[in-house]
Amino acid sequence: MVIDLEPAKTARERILNAFFDLLGDKPYQKITVSALISAADVNRSTFYAHYDNFEDMRDKLFQQYLDGFAVWLRAALADEFLRDPLPHLTTLGDYVEQNRSLLSAFLLGGVRSESGYGFGMAVREALLPVLGKVSTRRLLLLDLICSALTSVYFTWFVGSYGELSLAEVNEAAARVIAASDPTERK
């Protein structure tokens, strides 16, 4: 017997799209499963076939973001990141743009926390097991990356940098990171 997984994928996508649409209208805390399934045009059993509860959906979305971020972070933690950070930041910027609605939900929608700082700490804590044992220097770099870039992107998301594009933000961040490269000092 062959099982057609396409309808499940379509239902899951409709649920997630409805979630992002609802986040545009109301805070995360005000979104209910009833409103979500109505907006997604799925029944309650379909929602619960994919997720244990509303928090499970939130956590799976967060994990989806972290999986992609972990790929970027592994590359960024390589030695060349400090010498030439712009290619890595450009890759991260592309990832941010591709996942803008998901990241907006976490940073602006109060999905994970009420602040970018809380989100950055959640990213750090989730990535530590993925990275395994790291040196103190690498841990410091991880903290700097997670807190500084989360803060910068959060500030960019809320429009505090005016008309600056994400590429311009990444270029400025790259200049700061390259200027602080301890391997260039004697």
# chains A, B, ... in the order shown; residues from 1 in each chain; ligands from 1
call {"tool": "residues_around", "arguments": {"residues": "stretch 10-22 of chain A", "least_positions_apart": "4", "cutoff": "10 Å", "atoms": "only C-alpha atoms", "output": "PyMOL selection string"}}
result
chain A and resi 5-6+26-28+30-33+35-43+46-47+49-51+57-58+61+101-102+104-105+109
call {"tool": "atom_distance", "arguments": {"atom1": "atom CA of A:Arg100", "atom2": "atom CA of A:Tyr65"}}
result
10.4 Å
call {"tool": "atom_distance", "arguments": {"atom1": "atom CA of A:Glu55", "atom2": "atom CA of A:Gly159"}}
result
28.7 Å
call {"tool": "residues_around", "arguments": {"residues": "A:Leu86", "least_positions_apart": "6", "cutoff": "10 Å", "atoms": "only C-alpha atoms", "output": "PDB file with N, CA and C atoms, in the first residue's frame"}}
result
ATOM      1  N   LEU A  92      24.160  34.114   6.192  1.00  0.00           N
ATOM      2  CA  LEU A  92      23.190  34.265   7.268  1.00  0.00           C
ATOM      3  C   LEU A  92      22.077  35.220   6.855  1.00  0.00           C
ATOM      4  N   GLY A  93      22.444  36.329   6.203  1.00  0.00           N
ATOM      5  CA  GLY A  93      21.434  37.279   5.727  1.00  0.00           C
ATOM      6  C   GLY A  93      20.459  36.637   4.760  1.00  0.00           C
ATOM      7  N   ALA A 167      21.953  43.795   3.624  1.00  0.00           N
ATOM      8  CA  ALA A 167      23.316  43.702   3.098  1.00  0.00           C
ATOM      9  C   ALA A 167      24.210  44.776   3.733  1.00  0.00           C
ATOM     10  N   ASN A 170      24.961  43.756   7.274  1.00  0.00           N
ATOM     11  CA  ASN A 170      25.977  42.694   7.274  1.00  0.00           C
ATOM     12  C   ASN A 170      27.370  43.254   6.987  1.00  0.00           C
ATOM     13  N   GLU A 171      27.474  44.212   6.053  1.00  0.00           N
ATOM     14  CA  GLU A 171      28.776  44.808   5.744  1.00  0.00           C
ATOM     15  C   GLU A 171      29.343  45.537   6.962  1.00  0.00           C
ATOM     16  N   ALA A 172      28.497  46.272   7.666  1.00  0.00           N
ATOM     17  CA  ALA A 172      28.961  46.976   8.876  1.00  0.00           C
ATOM     18  C   ALA A 172      29.392  45.973   9.941  1.00  0.00           C
ATOM     19  N   ALA A 173      28.611  44.926  10.139  1.00  0.00           N
ATOM     20  CA  ALA A 173      28.961  43.899  11.124  1.00  0.00           C
ATOM     21  C   ALA A 173      30.275  43.220  10.743  1.00  0.00           C
ATOM     22  N   ALA A 174      30.459  42.958   9.461  1.00  0.00           N
ATOM     23  CA  ALA A 174      31.687  42.308   9.001  1.00  0.00           C
ATOM     24  C   ALA A 174      32.909  43.183   9.285  1.00  0.00           C
ATOM     25  N   ARG A 175      32.787  44.504   9.070  1.00  0.00           N
ATOM     26  CA  ARG A 175      33.907  45.407   9.354  1.00  0.00           C
ATOM     27  C   ARG A 175      34.270  45.386  10.835  1.00  0.00           C
ATOM     28  N   ILE A 177      33.661  42.930  13.031  1.00  0.00           N
ATOM     29  CA  ILE A 177      34.212  41.616  13.377  1.00  0.00           C
ATOM     30  C   ILE A 177      35.647  41.492  12.867  1.00  0.00           C
ATOM     31  N   ALA A 178      35.888  41.889  11.626  1.00  0.00           N
ATOM     32  CA  ALA A 178      37.241  41.793  11.061  1.00  0.00           C
ATOM     33  C   ALA A 178      38.224  42.683  11.824  1.00  0.00           C
TER      34      ALA A 178
END
